[in-house]
Each structure stands twice: as structure tokens, then as C-alpha cells.
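Visitor: For reference, the file start-v7.tsv (TSV, C-alpha atoms) is included below:
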chain	number	residue	atom	x	y	z
A	11	MET	CA	97.06	-18.51	16.90
A	12	THR	CA	99.89	-18.24	19.43
A	13	PRO	CA	101.33	-21.47	20.94
A	14	ALA	CA	99.94	-20.57	24.39
A	15	ARG	CA	96.42	-20.20	22.99
A	16	ARG	CA	96.72	-23.41	21.01
A	17	LYS	CA	97.73	-25.22	24.19
A	18	ARG	CA	94.77	-23.79	26.10
A	19	LEU	CA	92.42	-24.74	23.24
A	20	LEU	CA	93.77	-28.29	23.43
A	21	VAL	CA	93.30	-28.43	27.21
A	22	VAL	CA	89.70	-27.16	26.98
A	23	GLY	CA	88.95	-29.60	24.16
A	24	LEU	CA	90.37	-32.54	26.12
A	25	LEU	CA	88.42	-31.49	29.23
A	26	VAL	CA	85.08	-31.49	27.39
A	27	LEU	CA	85.93	-34.73	25.56
A	28	GLY	CA	86.96	-36.47	28.78
A	29	VAL	CA	83.80	-35.45	30.63
A	30	ALA	CA	81.66	-36.53	27.65
A	31	VAL	CA	83.30	-39.98	27.59
A	32	ALA	CA	82.87	-40.35	31.37
A	33	ALA	CA	79.19	-39.37	31.13
A	34	ALA	CA	78.59	-41.78	28.23
A	35	LEU	CA	80.19	-44.69	30.12
A	36	GLY	CA	78.27	-43.85	33.30
A	37	LEU	CA	74.92	-43.69	31.53
A	38	GLN	CA	75.71	-46.91	29.66
A	39	ALA	CA	76.35	-48.66	32.99
A	40	PHE	CA	73.03	-47.46	34.43
A	41	ARG	CA	71.09	-48.20	31.25
A	42	LYS	CA	68.83	-50.85	32.80
A	43	ASN	CA	68.07	-48.75	35.87
A	44	LEU	CA	66.98	-45.83	33.72
A	45	LEU	CA	64.07	-47.82	32.27
A	46	TYR	CA	61.01	-46.16	33.67
A	47	TYR	CA	58.56	-49.11	33.49
A	48	PHE	CA	58.04	-52.82	32.67
A	49	THR	CA	55.72	-54.00	29.88
A	50	PRO	CA	52.90	-56.53	30.62
A	51	ASP	CA	54.90	-59.16	28.70
A	52	GLN	CA	57.94	-58.65	30.96
A	53	VAL	CA	55.67	-58.80	34.03
A	54	ALA	CA	54.05	-62.06	32.83
A	55	ARG	CA	57.53	-63.57	32.33
A	56	GLY	CA	58.34	-62.64	35.93
A	57	ASP	CA	60.92	-59.87	35.28
A	58	ALA	CA	59.27	-57.59	37.84
A	59	HIS	CA	59.54	-58.47	41.53
A	60	ALA	CA	56.30	-59.99	42.84
A	61	GLY	CA	55.11	-58.51	46.12
A	62	GLN	CA	57.11	-55.33	45.54
A	63	ALA	CA	55.73	-52.14	44.04
A	64	PHE	CA	56.83	-51.47	40.44
A	65	ARG	CA	55.74	-49.53	37.36
A	66	MET	CA	54.00	-51.09	34.40
A	67	GLY	CA	53.40	-49.31	31.09
A	68	GLY	CA	51.19	-50.09	28.12
A	69	LEU	CA	47.99	-49.17	26.33
A	70	VAL	CA	44.55	-49.15	27.95
A	71	ALA	CA	42.75	-51.97	26.07
A	72	MET	CA	39.79	-50.81	23.99
A	73	GLY	CA	36.44	-51.44	25.69
A	74	SER	CA	38.04	-52.53	28.97
A	75	VAL	CA	37.32	-49.50	31.19
A	76	GLN	CA	34.58	-50.19	33.77
A	77	ARG	CA	33.68	-47.73	36.49
A	78	ALA	CA	32.03	-49.02	39.67
A	79	PRO	CA	28.90	-46.87	40.13
A	80	GLY	CA	28.97	-44.52	43.12
A	81	SER	CA	32.72	-44.88	43.79
A	82	MET	CA	36.08	-43.75	42.42
A	83	THR	CA	37.13	-47.32	41.57
A	84	VAL	CA	37.98	-48.12	37.95
A	85	HIS	CA	38.77	-51.50	36.40
A	86	PHE	CA	40.65	-51.69	33.09
A	87	THR	CA	43.18	-53.82	31.24
A	88	ILE	CA	46.70	-52.80	30.21
A	89	THR	CA	48.06	-54.44	27.07
A	90	ASP	CA	51.25	-54.40	25.02
A	91	MET	CA	49.50	-56.33	22.20
A	92	GLN	CA	51.11	-59.58	23.45
A	93	ARG	CA	49.90	-59.89	27.04
A	94	SER	CA	47.13	-58.14	28.96
A	95	ILE	CA	46.99	-57.56	32.70
A	96	PRO	CA	43.85	-56.42	34.57
A	97	VAL	CA	44.27	-53.32	36.75
A	98	VAL	CA	42.16	-51.84	39.52
A	99	TYR	CA	42.59	-48.23	40.66
A	100	THR	CA	40.74	-45.96	43.09
A	101	GLY	CA	41.25	-42.23	42.70
A	102	ILE	CA	41.28	-39.35	40.24
A	103	LEU	CA	42.40	-40.31	36.74
A	104	PRO	CA	44.52	-37.89	34.69
A	105	ASP	CA	42.83	-35.90	31.90
A	106	LEU	CA	44.64	-37.82	29.18
A	107	PHE	CA	43.40	-41.22	30.45
A	108	ARG	CA	41.21	-42.95	27.85
A	109	GLU	CA	40.95	-46.24	25.99
A	110	GLY	CA	43.83	-46.73	23.56
A	111	GLN	CA	46.02	-44.22	25.45
A	112	GLY	CA	49.53	-45.08	26.65
A	113	ILE	CA	49.70	-45.02	30.46
A	114	VAL	CA	52.04	-45.98	33.29
A	115	VAL	CA	50.63	-47.50	36.51
A	116	TYR	CA	52.49	-47.85	39.82
A	117	GLY	CA	51.47	-50.54	42.31
A	118	THR	CA	51.69	-54.25	43.13
A	119	LEU	CA	50.57	-57.49	41.52
A	120	ASP	CA	48.30	-59.54	43.82
A	121	LYS	CA	48.14	-63.40	44.00
A	122	ASN	CA	45.32	-63.61	41.44
A	123	GLY	CA	47.26	-61.67	38.82
A	124	LEU	CA	45.34	-58.42	39.39
A	125	PHE	CA	47.47	-55.29	39.40
A	126	VAL	CA	46.45	-52.99	42.27
A	127	ALA	CA	47.54	-49.48	41.23
A	128	ASN	CA	48.31	-46.64	43.66
A	129	GLN	CA	49.04	-44.18	40.87
A	130	VAL	CA	48.00	-43.85	37.23
A	131	LEU	CA	50.05	-41.64	34.91
A	132	ALA	CA	49.02	-40.86	31.33
A	133	LYS	CA	51.64	-40.47	28.61
A	134	HIS	CA	51.22	-37.73	26.03
A	135	ASP	CA	51.99	-38.75	22.44
A	136	SER	CA	53.48	-35.40	21.21
A	137	LYS	CA	50.55	-34.79	18.84
A	138	TYR	CA	48.62	-31.52	18.90
A	139	MET	CA	45.62	-30.84	16.67
A	140	PRO	CA	42.29	-29.02	16.63
A	141	PRO	CA	39.28	-31.11	17.82
A	142	GLY	CA	37.67	-31.85	14.42
A	143	VAL	CA	40.88	-33.10	12.81
A	144	GLU	CA	41.04	-36.42	14.68
A	145	ALA	CA	37.63	-37.45	13.30
A	146	ASP	CA	38.74	-36.47	9.76
A	147	ILE	CA	41.93	-38.54	10.05
A	148	LYS	CA	40.00	-41.60	11.28
A	149	LYS	CA	37.52	-41.20	8.41
A	150	ALA	CA	40.36	-40.98	5.87
A	151	GLN	CA	42.07	-44.06	7.36
A	152	ALA	CA	38.82	-46.04	7.28
A	153	GLN	CA	38.34	-45.04	3.66
A	154	GLN	CA	41.89	-46.14	2.74
A	155	GLN	CA	41.29	-49.47	4.46
A	156	ALA	CA	38.03	-49.96	2.60
A	157	GLU	CA	39.75	-49.17	-0.73
A	158	ARG	CA	42.55	-51.63	0.03
A	159	LEU	CA	40.00	-54.34	0.87
A	160	ALA	CA	38.05	-53.60	-2.30
A	161	LYS	CA	41.20	-54.00	-4.43
A	162	ASP	CA	42.42	-57.16	-2.72
A	163	PRO	CA	39.49	-59.11	-1.19
A	164	SER	CA	41.73	-61.95	0.07
B	1	MET	CA	86.79	-7.44	10.24
B	2	PHE	CA	89.50	-8.02	12.84
B	3	VAL	CA	89.65	-4.33	13.61
B	4	TRP	CA	85.91	-4.40	14.27
B	5	PHE	CA	86.27	-7.53	16.41
B	6	HIS	CA	88.94	-5.88	18.54
B	7	LYS	CA	86.85	-2.76	18.86
B	8	LEU	CA	83.89	-4.89	19.97
B	9	ALA	CA	86.03	-6.46	22.67
B	10	SER	CA	86.91	-3.06	24.11
B	11	PRO	CA	84.73	-2.51	27.20
B	12	PRO	CA	83.89	1.21	26.71
B	13	TYR	CA	82.90	0.66	23.08
B	14	PHE	CA	80.80	-2.40	23.92
B	15	TYR	CA	79.20	-0.61	26.88
B	16	ARG	CA	77.92	2.17	24.63
B	17	LEU	CA	76.83	-0.26	21.87
B	18	ALA	CA	74.89	-2.40	24.37
B	19	GLY	CA	73.22	0.70	25.81
B	20	ARG	CA	72.05	1.74	22.38
B	21	LEU	CA	70.80	-1.73	21.28
B	22	ALA	CA	69.08	-2.91	24.48
B	23	PRO	CA	65.99	-0.63	24.45
B	24	TRP	CA	65.21	-1.51	20.82
B	25	LEU	CA	65.49	-5.23	21.54
B	26	ALA	CA	63.37	-4.88	24.70
B	27	TRP	CA	60.53	-3.12	22.85
B	28	ALA	CA	60.73	-5.61	19.98
B	29	SER	CA	60.51	-8.52	22.43
B	30	LEU	CA	57.48	-6.98	24.14
B	31	ILE	CA	55.65	-6.59	20.81
B	32	VAL	CA	56.59	-10.06	19.55
B	33	ILE	CA	55.65	-11.76	22.85
B	34	LEU	CA	52.27	-9.97	22.93
B	35	ALA	CA	51.64	-11.07	19.32
B	36	GLY	CA	52.64	-14.65	20.18
B	37	LEU	CA	50.40	-14.70	23.26
B	38	TYR	CA	47.46	-13.38	21.25
B	39	GLY	CA	48.06	-16.08	18.64
B	40	GLY	CA	48.53	-18.80	21.25
B	41	LEU	CA	45.79	-17.91	23.71
B	42	TRP	CA	43.08	-16.59	21.39
B	43	LEU	CA	43.65	-17.60	17.76
B	44	ALA	CA	44.94	-21.17	18.18
B	45	PRO	CA	42.20	-23.81	18.49
B	46	PRO	CA	41.96	-26.01	21.62
B	47	ASP	CA	43.68	-29.40	21.41
B	48	TYR	CA	41.59	-32.50	20.58
B	49	GLN	CA	42.71	-34.31	23.76
B	50	GLN	CA	43.89	-31.66	26.20
B	51	GLY	CA	41.41	-28.86	25.44
B	52	ASP	CA	42.74	-25.47	26.54
B	53	GLY	CA	45.30	-27.08	28.85
B	54	PHE	CA	47.82	-27.48	26.02
B	55	ARG	CA	48.25	-23.69	25.79
B	56	ILE	CA	50.94	-23.82	28.47
B	57	ILE	CA	53.34	-24.95	25.70
B	58	TYR	CA	53.46	-21.29	24.61
B	59	VAL	CA	55.49	-20.61	27.75
B	60	HIS	CA	56.90	-24.06	28.50
B	61	VAL	CA	58.56	-24.86	25.15
B	62	PRO	CA	60.17	-21.41	24.62
B	63	SER	CA	61.47	-21.49	28.24
B	64	ALA	CA	62.92	-24.97	27.81
B	65	TRP	CA	64.52	-23.93	24.50
B	66	MET	CA	66.03	-20.82	26.12
B	67	SER	CA	67.35	-22.86	29.06
B	68	LEU	CA	69.46	-24.91	26.62
B	69	PHE	CA	70.34	-22.03	24.27
B	70	ILE	CA	71.59	-19.81	27.10
B	71	TYR	CA	73.70	-22.64	28.49
B	72	VAL	CA	75.39	-23.09	25.10
B	73	VAL	CA	76.01	-19.31	24.91
B	74	MET	CA	77.45	-19.40	28.43
B	75	ALA	CA	79.74	-22.36	27.72
B	76	LEU	CA	80.98	-20.91	24.41
B	77	ALA	CA	81.76	-17.59	26.12
B	78	ALA	CA	83.52	-19.52	28.89
B	79	ALA	CA	85.69	-21.35	26.32
B	80	ILE	CA	86.58	-18.08	24.56
B	81	GLY	CA	87.39	-16.52	27.92
B	82	LEU	CA	89.65	-19.42	28.89
B	83	ILE	CA	91.48	-19.80	25.57
B	84	TRP	CA	91.83	-16.18	24.37
B	85	ARG	CA	91.80	-14.63	27.87
B	86	MET	CA	89.15	-12.18	26.67
B	87	LYS	CA	87.78	-10.20	29.62
B	88	LEU	CA	84.46	-9.49	27.96
B	89	ALA	CA	83.77	-13.20	27.35
B	90	HIS	CA	83.73	-14.01	31.08
B	91	ALA	CA	81.41	-11.05	31.59
B	92	VAL	CA	79.03	-12.57	29.00
B	93	SER	CA	78.94	-15.89	30.92
B	94	ALA	CA	78.31	-14.10	34.20
B	95	ALA	CA	75.56	-11.94	32.69
B	96	ALA	CA	73.79	-14.86	30.98
B	97	ALA	CA	73.75	-17.34	33.90
B	98	PRO	CA	70.92	-15.84	36.04
B	99	LEU	CA	68.72	-15.48	32.95
B	100	GLY	CA	69.37	-19.11	32.04
B	101	ALA	CA	68.55	-20.23	35.57
B	102	ALA	CA	65.29	-18.23	35.45
B	103	PHE	CA	64.21	-19.84	32.14
B	104	THR	CA	65.12	-23.32	33.42
B	105	PHE	CA	63.04	-22.69	36.55
B	106	LEU	CA	60.13	-21.47	34.41
B	107	ALA	CA	60.32	-24.57	32.17
B	108	LEU	CA	60.28	-26.87	35.22
B	109	VAL	CA	57.39	-25.04	36.94
B	110	THR	CA	55.16	-24.77	33.83
B	111	GLY	CA	55.83	-28.43	32.99
B	112	SER	CA	54.96	-29.45	36.52
B	113	LEU	CA	51.70	-27.45	36.52
B	114	TRP	CA	50.73	-29.10	33.22
B	115	GLY	CA	51.81	-32.53	34.45
B	116	LYS	CA	49.38	-32.62	37.38
B	117	PRO	CA	46.14	-32.61	35.35
B	118	MET	CA	47.49	-34.32	32.21
B	119	TRP	CA	49.87	-36.99	33.50
B	120	GLY	CA	48.39	-37.17	36.99
B	121	THR	CA	51.53	-36.07	38.85
B	122	TYR	CA	53.57	-32.90	39.41
B	123	TRP	CA	56.88	-34.71	39.14
B	124	VAL	CA	58.42	-38.01	38.06
B	125	TRP	CA	62.09	-38.94	38.08
B	126	ASP	CA	62.27	-39.75	34.40
B	127	ALA	CA	65.33	-38.95	32.29
B	128	ARG	CA	64.05	-35.68	30.75
B	129	LEU	CA	62.81	-34.11	33.98
B	130	THR	CA	65.85	-35.19	35.96
B	131	SER	CA	68.38	-33.92	33.40
B	132	GLU	CA	66.57	-30.57	33.19
B	133	LEU	CA	66.72	-30.32	36.99
B	134	VAL	CA	70.47	-31.05	36.79
B	135	LEU	CA	70.72	-28.11	34.35
B	136	LEU	CA	69.13	-25.83	36.97
B	137	PHE	CA	71.70	-27.01	39.52
B	138	LEU	CA	74.51	-26.39	37.00
B	139	TYR	CA	73.35	-22.77	36.68
B	140	PHE	CA	73.16	-22.45	40.48
B	141	GLY	CA	76.59	-24.06	40.77
B	142	TYR	CA	78.06	-21.62	38.26
B	143	LEU	CA	76.52	-18.63	40.06
B	144	ALA	CA	77.79	-19.80	43.45
B	145	LEU	CA	81.27	-20.76	42.25
B	146	HIS	CA	81.69	-17.56	40.26
B	147	ARG	CA	81.09	-15.45	43.35
B	148	ALA	CA	83.07	-17.68	45.74
B	149	PHE	CA	86.47	-16.07	45.05
B	150	GLU	CA	87.92	-12.81	46.30
B	151	ASP	CA	89.76	-12.42	43.03
B	152	GLN	CA	87.51	-11.83	40.02
B	153	ARG	CA	89.85	-13.68	37.65
B	154	SER	CA	89.92	-16.87	39.76
B	155	GLY	CA	86.12	-16.83	39.96
B	156	ASP	CA	85.87	-16.32	36.20
B	157	ARG	CA	88.19	-19.23	35.50
B	158	ALA	CA	86.57	-21.66	37.98
B	159	GLY	CA	83.08	-20.78	36.73
B	160	ALA	CA	84.17	-21.19	33.12
B	161	ILE	CA	85.50	-24.71	33.78
B	162	LEU	CA	82.23	-25.67	35.47
B	163	ALA	CA	80.23	-24.23	32.55
B	164	LEU	CA	82.34	-26.29	30.11
B	165	VAL	CA	82.01	-29.51	32.11
B	166	GLY	CA	78.23	-29.03	32.27
B	167	ILE	CA	77.91	-28.74	28.50
B	168	VAL	CA	77.69	-32.57	28.24
B	169	ASN	CA	74.27	-32.33	29.90
B	170	VAL	CA	72.83	-30.35	26.95
B	171	PRO	CA	72.74	-33.27	24.43
B	172	ILE	CA	71.61	-35.57	27.26
B	173	ILE	CA	68.57	-33.35	27.89
B	174	HIS	CA	67.84	-33.09	24.18
B	175	TYR	CA	68.05	-36.83	23.41
B	176	SER	CA	66.76	-38.15	26.78
B	177	VAL	CA	63.27	-38.75	25.36
B	178	LYS	CA	64.74	-40.86	22.53
B	179	TRP	CA	67.32	-42.84	24.49
B	180	TRP	CA	65.12	-43.92	27.39
B	181	ASN	CA	61.51	-44.82	28.25
B	182	THR	CA	60.36	-41.49	29.65
B	183	LEU	CA	56.99	-40.22	30.77
B	184	HIS	CA	57.79	-36.95	28.99
B	185	GLN	CA	56.68	-37.11	25.37
B	186	GLY	CA	59.12	-37.40	22.49
B	187	PRO	CA	59.99	-34.53	20.15
B	188	THR	CA	57.11	-33.12	18.09
B	189	VAL	CA	57.56	-33.14	14.30
B	190	PHE	CA	56.84	-29.64	13.06
B	191	PHE	CA	56.99	-29.64	9.26
B	192	GLY	CA	56.06	-31.78	6.29
B	193	ALA	CA	53.35	-34.34	5.71
B	194	ARG	CA	53.92	-36.07	9.07
B	195	ALA	CA	53.69	-32.88	11.14
B	196	ASP	CA	52.44	-33.73	14.64
B	197	ILE	CA	51.15	-30.24	15.30
B	198	ALA	CA	48.68	-28.13	13.34
B	199	PRO	CA	50.09	-24.92	11.71
B	200	SER	CA	47.56	-22.75	13.60
B	201	MET	CA	49.19	-24.06	16.80
B	202	TYR	CA	52.88	-23.97	15.93
B	203	ILE	CA	53.05	-20.53	14.31
B	204	PRO	CA	52.30	-18.76	17.64
B	205	LEU	CA	54.85	-21.09	19.27
B	206	PHE	CA	57.63	-19.93	16.93
B	207	ILE	CA	56.62	-16.31	17.47
B	208	MET	CA	56.94	-16.88	21.23
B	209	ILE	CA	60.41	-18.44	20.80
B	210	ILE	CA	61.57	-15.40	18.78
B	211	GLY	CA	60.07	-13.12	21.46
B	212	PHE	CA	61.94	-14.97	24.22
B	213	MET	CA	65.20	-14.75	22.23
B	214	LEU	CA	64.76	-10.99	21.83
B	215	TYR	CA	64.00	-10.68	25.56
B	216	PHE	CA	67.21	-12.57	26.36
B	217	ALA	CA	69.23	-10.41	23.95
B	218	ALA	CA	67.89	-7.19	25.49
B	219	PHE	CA	68.42	-8.20	29.11
B	220	VAL	CA	71.77	-9.92	28.65
B	221	LEU	CA	73.06	-6.63	27.14
B	222	LYS	CA	71.64	-4.66	30.08
B	223	ARG	CA	73.22	-7.08	32.55
B	224	LEU	CA	76.49	-6.91	30.59
B	225	GLN	CA	76.54	-3.14	31.00
B	226	VAL	CA	76.29	-3.54	34.76
B	227	GLU	CA	78.90	-6.31	34.69
B	228	ILE	CA	81.32	-4.14	32.65
B	229	LEU	CA	80.88	-1.14	34.96
B	230	SER	CA	81.58	-3.25	38.03
B	231	ARG	CA	84.66	-4.89	36.45
B	232	GLU	CA	86.06	-1.63	35.07
B	233	ARG	CA	85.18	0.52	38.07
B	234	HIS	CA	88.80	1.61	38.61
B	235	THR	CA	89.41	2.67	35.01
B	236	ALA	CA	89.44	6.24	33.83
B	237	TRP	CA	86.48	5.94	31.48
B	238	VAL	CA	84.13	4.60	34.16
B	239	GLN	CA	85.28	7.28	36.64
B	240	GLU	CA	84.58	9.86	33.98
B	241	LEU	CA	81.16	8.35	33.29
B	242	ALA	CA	80.31	8.33	36.99
B	243	GLY	CA	81.51	11.90	37.39
B	244	LYS	CA	78.95	13.14	34.92
B	245	PRO	CA	75.69	14.43	36.48
Let me see the structure of the file written as C-alpha cells.
Guide:
Amino acid sequence: MTPARRKRLLVVGLLVLGVAVAAALGLQAFRKNLLYYFTPDQVARGDAHAGQAFRMGGLVAMGSVQRAPGSMTVHFTITDMQRSIPVVYTGILPDLFREGQGIVVYGTLDKNGLFVANQVLAKHDSKYMPPGVEADIKKAQAQQQAERLAKDPS
Amino acid sequence: MFVWFHKLASPPYFYRLAGRLAPWLAWASLIVILAGLYGGLWLAPPDYQQGDGFRIIYVHVPSAWMSLFIYVVMALAAAIGLIWRMKLAHAVSAAAAPLGAAFTFLALVTGSLWGKPMWGTYWVWDARLTSELVLLFLYFGYLALHRAFEDQRSGDRAGAILALVGIVNVPIIHYSVKWWNTLHQGPTVFFGARADIAPSMYIPLFIMIIGFMLYFAAFVLKRLQVEILSRERHTAWVQELAGKP
């Protein structure tokens, strides 16, 4: 390699390295602002601003979804396994919304601790399988659990 | 080896080679993409949660993959062009950029169309979606900057520096779903006991990715031919080529 080329290689290398370091520092500085949502536990501890709209993410608690008959209003509870917060939403729910599914709601917390959502977003879990497989997996898991219990009754 | 490399870098030789390879690659991509679409749209079973809606991954994932792959190709060619002053390398960057922009656009649009029914929104400003949008603007920026100079060599050099600066966005896009809380799902595990996707679903997906790669190879060579002719228009060999009936 000629000296001129080596010099240009060095310059290009330093350019890319410098930009990478700048980007890493910038993203590090904005780390907190890049969080997309608060968890129910953070909301209960008062991290989110009361009276202002914010996003809250968690799982839809099993057995908590109640639809008001004759309207688009749905009541359900969002949980992070530590705290649960009741949510009310009026509108069309996304296809992936179901009990046990991870979702993100956008709205405000009222005085009684009820979260009034303007928007409900469902999170996909990066799993793809044919319809019958889910039932098979659940059956296998239940069987494993039963075997474990049989071996160790305590 | 070096003799071959130097021959490859000679515009007339490369022009003829590209002209011979491109039709084969184009036909191969057509066949492979049709096979992948048949596998993805007819043979693959519907998803347990999303039903038939998941089938958009057969366009979305290959497009998103190509958007990153083409950027890496473009940036590598830009580096070679800057360091070794190879004329053909800058032509490769210039030929690849519009294709990369098109695939990025396709990835954003298909993702958005899927997002409305599944997530409940066309768009959110999460880290993955935002960084992919920045990639689209990087392609646009390259295309605009490259054409903004009277002198071809200045445009080549300015565009190449932009392409190199933008390369930091590629790992950011890739790891965004791991580093931050995003609405976009994390990476899917393809192989082994913990595979997140059934084989009947991922095999068509890989076929589609190969088809998209072949499509890119065919059309980047075609675009390179045009690029070479326009850059070499004053040379004897192009004049001779144009003089032929």
C-alpha cells in the first residue's frame, strides 16, 4: 500500500470511529428519554407526571377484560406482576389485544387511580407458529408441571 | 488474482461482464421470488395470533434486510473509492443508493400497514422505526448530495463521506430493539430448540431474502452499466459502442 493510500485509509477510519463515538455518547445522554413507556410500578411510585398524558406498558391481567354491552368501552387491568392499574378505553382494540398480552396504553391517570386511555397499542412477542401448536405447547407445559409436582409434593 | 482484479476495475470489461450477468440474475430472482411467494402465501400456515396478517413478513423482513445490506455495500464501495481512488467504486455507490432507498421505503410502508391492525397504529416514534426512517433520509441525502456538484469527482467524494458517516446508523437499527423499550418486537430466533418461528414459516422467508438479493444483484449491475456509460461518455470505447447501429 502506498503512503498516500495508507494516509487516506487512516483518515477514513478515524472519521467513522469519531462519528461512532459521538453517536454513542449522544444516545447515552438521551437514554432516559428513549424509554417508550412507564411500568405500573413506576406509575404507582409517582415517576410519571400526574395530570399529564403518558404511556404505560405491561401485561393485560388474566380475567380482567370486561366489555360494556352495547358500547365500545372496555375495562381491564394492566399489571407488571408487582402493581396493577385499572384502565378504561373506548374505541377499536388492535388484533393482538388479549389477556396475557403485552400492551402499551397512552392517556392520563384520574384522581381515583383509574387510567383513562386514548390509545391502546399491542406489542408483538416475535413468535410465529401455526394455530394448533400453541395448544400443544400449553399441554406439554401442564404435563411437565404435573410431573414436577408428582415428584416433589412439597 | 491481482491481474483479474485490475481487469475487473476496467470500465469496458466490467460493462460487458455486467451486461452478460444481469439477465441471468434477473430471471433467477423472478423464479426464486415466485417460489418464495407461493411458499409464503399458500403453503405456510396462518399464525396462531395474527391469522393471515403475518404474511406481510414475506415482503417486510426481506425489504428491511436489503435496506441494511445495500447501505453496507454502498459504504464499503464509498470507502474503497475514497482510499484507492477507484472510479468504479463510486459508480457502485451511486448505482446502489436508489435501490436501497426503495427497499427502505418498502420496509417502512409494509411495517406501517401491518402496524395499524396489529399494534393499533400506523406509526410510533420508537427507536427501531425512527432509526429506519433516518436510514431513508440518509439515502435521500446521499442521492441529493451526489448530484449537487457540477464536477462528478466532487459529488462522488462528498457522497462517499456522507455514506461513511451514516454507517453508524446500521448497528443502531439492528440493536435498537435490544437496547431500548420499543413497540417493535425483538429479533426472532430462527434455529434450534428455542426457535420462535415454525420451519414451514421461515423457509419461504429465506427463499424470499435470496430472491431479493438476486433482484438487487441484477438491477445494481444494470444501473452500473448506465452509470459507467454516462461517466465514460467521452472515451473512445463508449463512442465506438454508440456508433454501432
Visitor: Show me, as a compact mmCIF listing (two decimals) with C-alpha atoms, in the frame of the given file, the residues of chain A whose atoms get within 9 Å of chain B, using only C-alpha atoms for the distance check.
Guide:
# COMPACT_ATOMS: atom_id res chain seq x y z
CA ALA A 14 99.94 -20.57 24.39
CA ARG A 15 96.42 -20.20 22.99
CA ARG A 16 96.72 -23.41 21.01
CA LYS A 17 97.73 -25.22 24.19
CA ARG A 18 94.77 -23.79 26.10
CA LEU A 19 92.42 -24.74 23.24
CA VAL A 21 93.30 -28.43 27.21
CA VAL A 22 89.70 -27.16 26.98
CA LEU A 25 88.42 -31.49 29.23
CA VAL A 26 85.08 -31.49 27.39
CA LEU A 27 85.93 -34.73 25.56
CA VAL A 29 83.80 -35.45 30.63
CA ALA A 30 81.66 -36.53 27.65
CA ALA A 33 79.19 -39.37 31.13
CA ARG A 41 71.09 -48.20 31.25
CA LEU A 44 66.98 -45.83 33.72
CA LEU A 45 64.07 -47.82 32.27
CA TYR A 46 61.01 -46.16 33.67
CA TYR A 47 58.56 -49.11 33.49
CA ILE A 102 41.28 -39.35 40.24
CA LEU A 103 42.40 -40.31 36.74
CA PRO A 104 44.52 -37.89 34.69
CA ASP A 105 42.83 -35.90 31.90
CA LEU A 106 44.64 -37.82 29.18
CA PHE A 107 43.40 -41.22 30.45
CA ILE A 113 49.70 -45.02 30.46
CA VAL A 114 52.04 -45.98 33.29
CA GLN A 129 49.04 -44.18 40.87
CA VAL A 130 48.00 -43.85 37.23
CA LEU A 131 50.05 -41.64 34.91
CA ALA A 132 49.02 -40.86 31.33
CA LYS A 133 51.64 -40.47 28.61
CA HIS A 134 51.22 -37.73 26.03
CA ASP A 135 51.99 -38.75 22.44
CA SER A 136 53.48 -35.40 21.21
CA LYS A 137 50.55 -34.79 18.84
CA TYR A 138 48.62 -31.52 18.90
CA MET A 139 45.62 -30.84 16.67
CA PRO A 140 42.29 -29.02 16.63
CA PRO A 141 39.28 -31.11 17.82
CA GLY A 142 37.67 -31.85 14.42
CA VAL A 143 40.88 -33.10 12.81
CA GLU A 144 41.04 -36.42 14.68
Visitor: Find the distance between atom CA of Pro62 of chain B and atom CA of Gly159 of chain B and write it in Å to one decimal.
Guide: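 Spanning atom CA of Pro62 of chain B to atom CA of Gly159 of chain B is a straight-line distance of 25.9 Å.
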Visitor: What does the distance between atom CA of Glu157 of chain A and atom CA of Gln92 of chain A come to in Å, to one decimal place?
Guide: 28.7 Å
Visitor: Using Å and a single decimal, report how far atom CA of Val126 of chain A sits from atom CA of Ser176 of chain B.
Guide: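 Rounded to one decimal, the two atoms are 29.5 Å apart.
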Visitor: Report as lines of an AutoDock Vina configuration file the centre and the edge lengths, in Å to one decimal, of the axis-aligned box holding every listed atom of segment 20-27 of chain B, padded by 8 Å on each side.
Guide:
center_x = 66.3
center_y = -1.7
center_z = 22.8
size_x = 27.5
size_y = 23.0
size_z = 19.9
Visitor: Applying 6 Å and all atoms listed in the file, which residues near Thr87 of chain A remain after dropping the ones on its own chain fewer than 2 positions away? List them as JSON, numbers by chain.
Guide: {"A": [70, 71, 74, 95, 96, 97]}
Visitor: Which residue gives the smallest distance to Trp27 of chain B among B:Ala64, B:Val226, B:Ala217, B:His234, with all atoms listed in the file counted?
Guide: B:Ala217
Visitor: Extract, using all atoms listed in the file, all DNA, RNA and protein residues at most 9 Å from Thr110 of chain B, discarding same-chain residues fewer than 5 positions from it, and format them as a PyMOL selection string.
Guide: chain B and resi 56-57+59-60+105+115
Visitor: Which residue, A:Ile88, A:Ala63, A:Gly28, A:Leu37, has the smallest gap to Ser131 of chain B when you use only C-alpha atoms?
Guide: A:Leu37
Visitor: If I put a ball of radius 9 Å at (50.5, -51.8, 39.5) in the file's coordinates, which residues poke into it when counting only C-alpha atoms, written as a ChimeraX atom specification?
Guide: /A:63-66,97-99,114-119,124-130
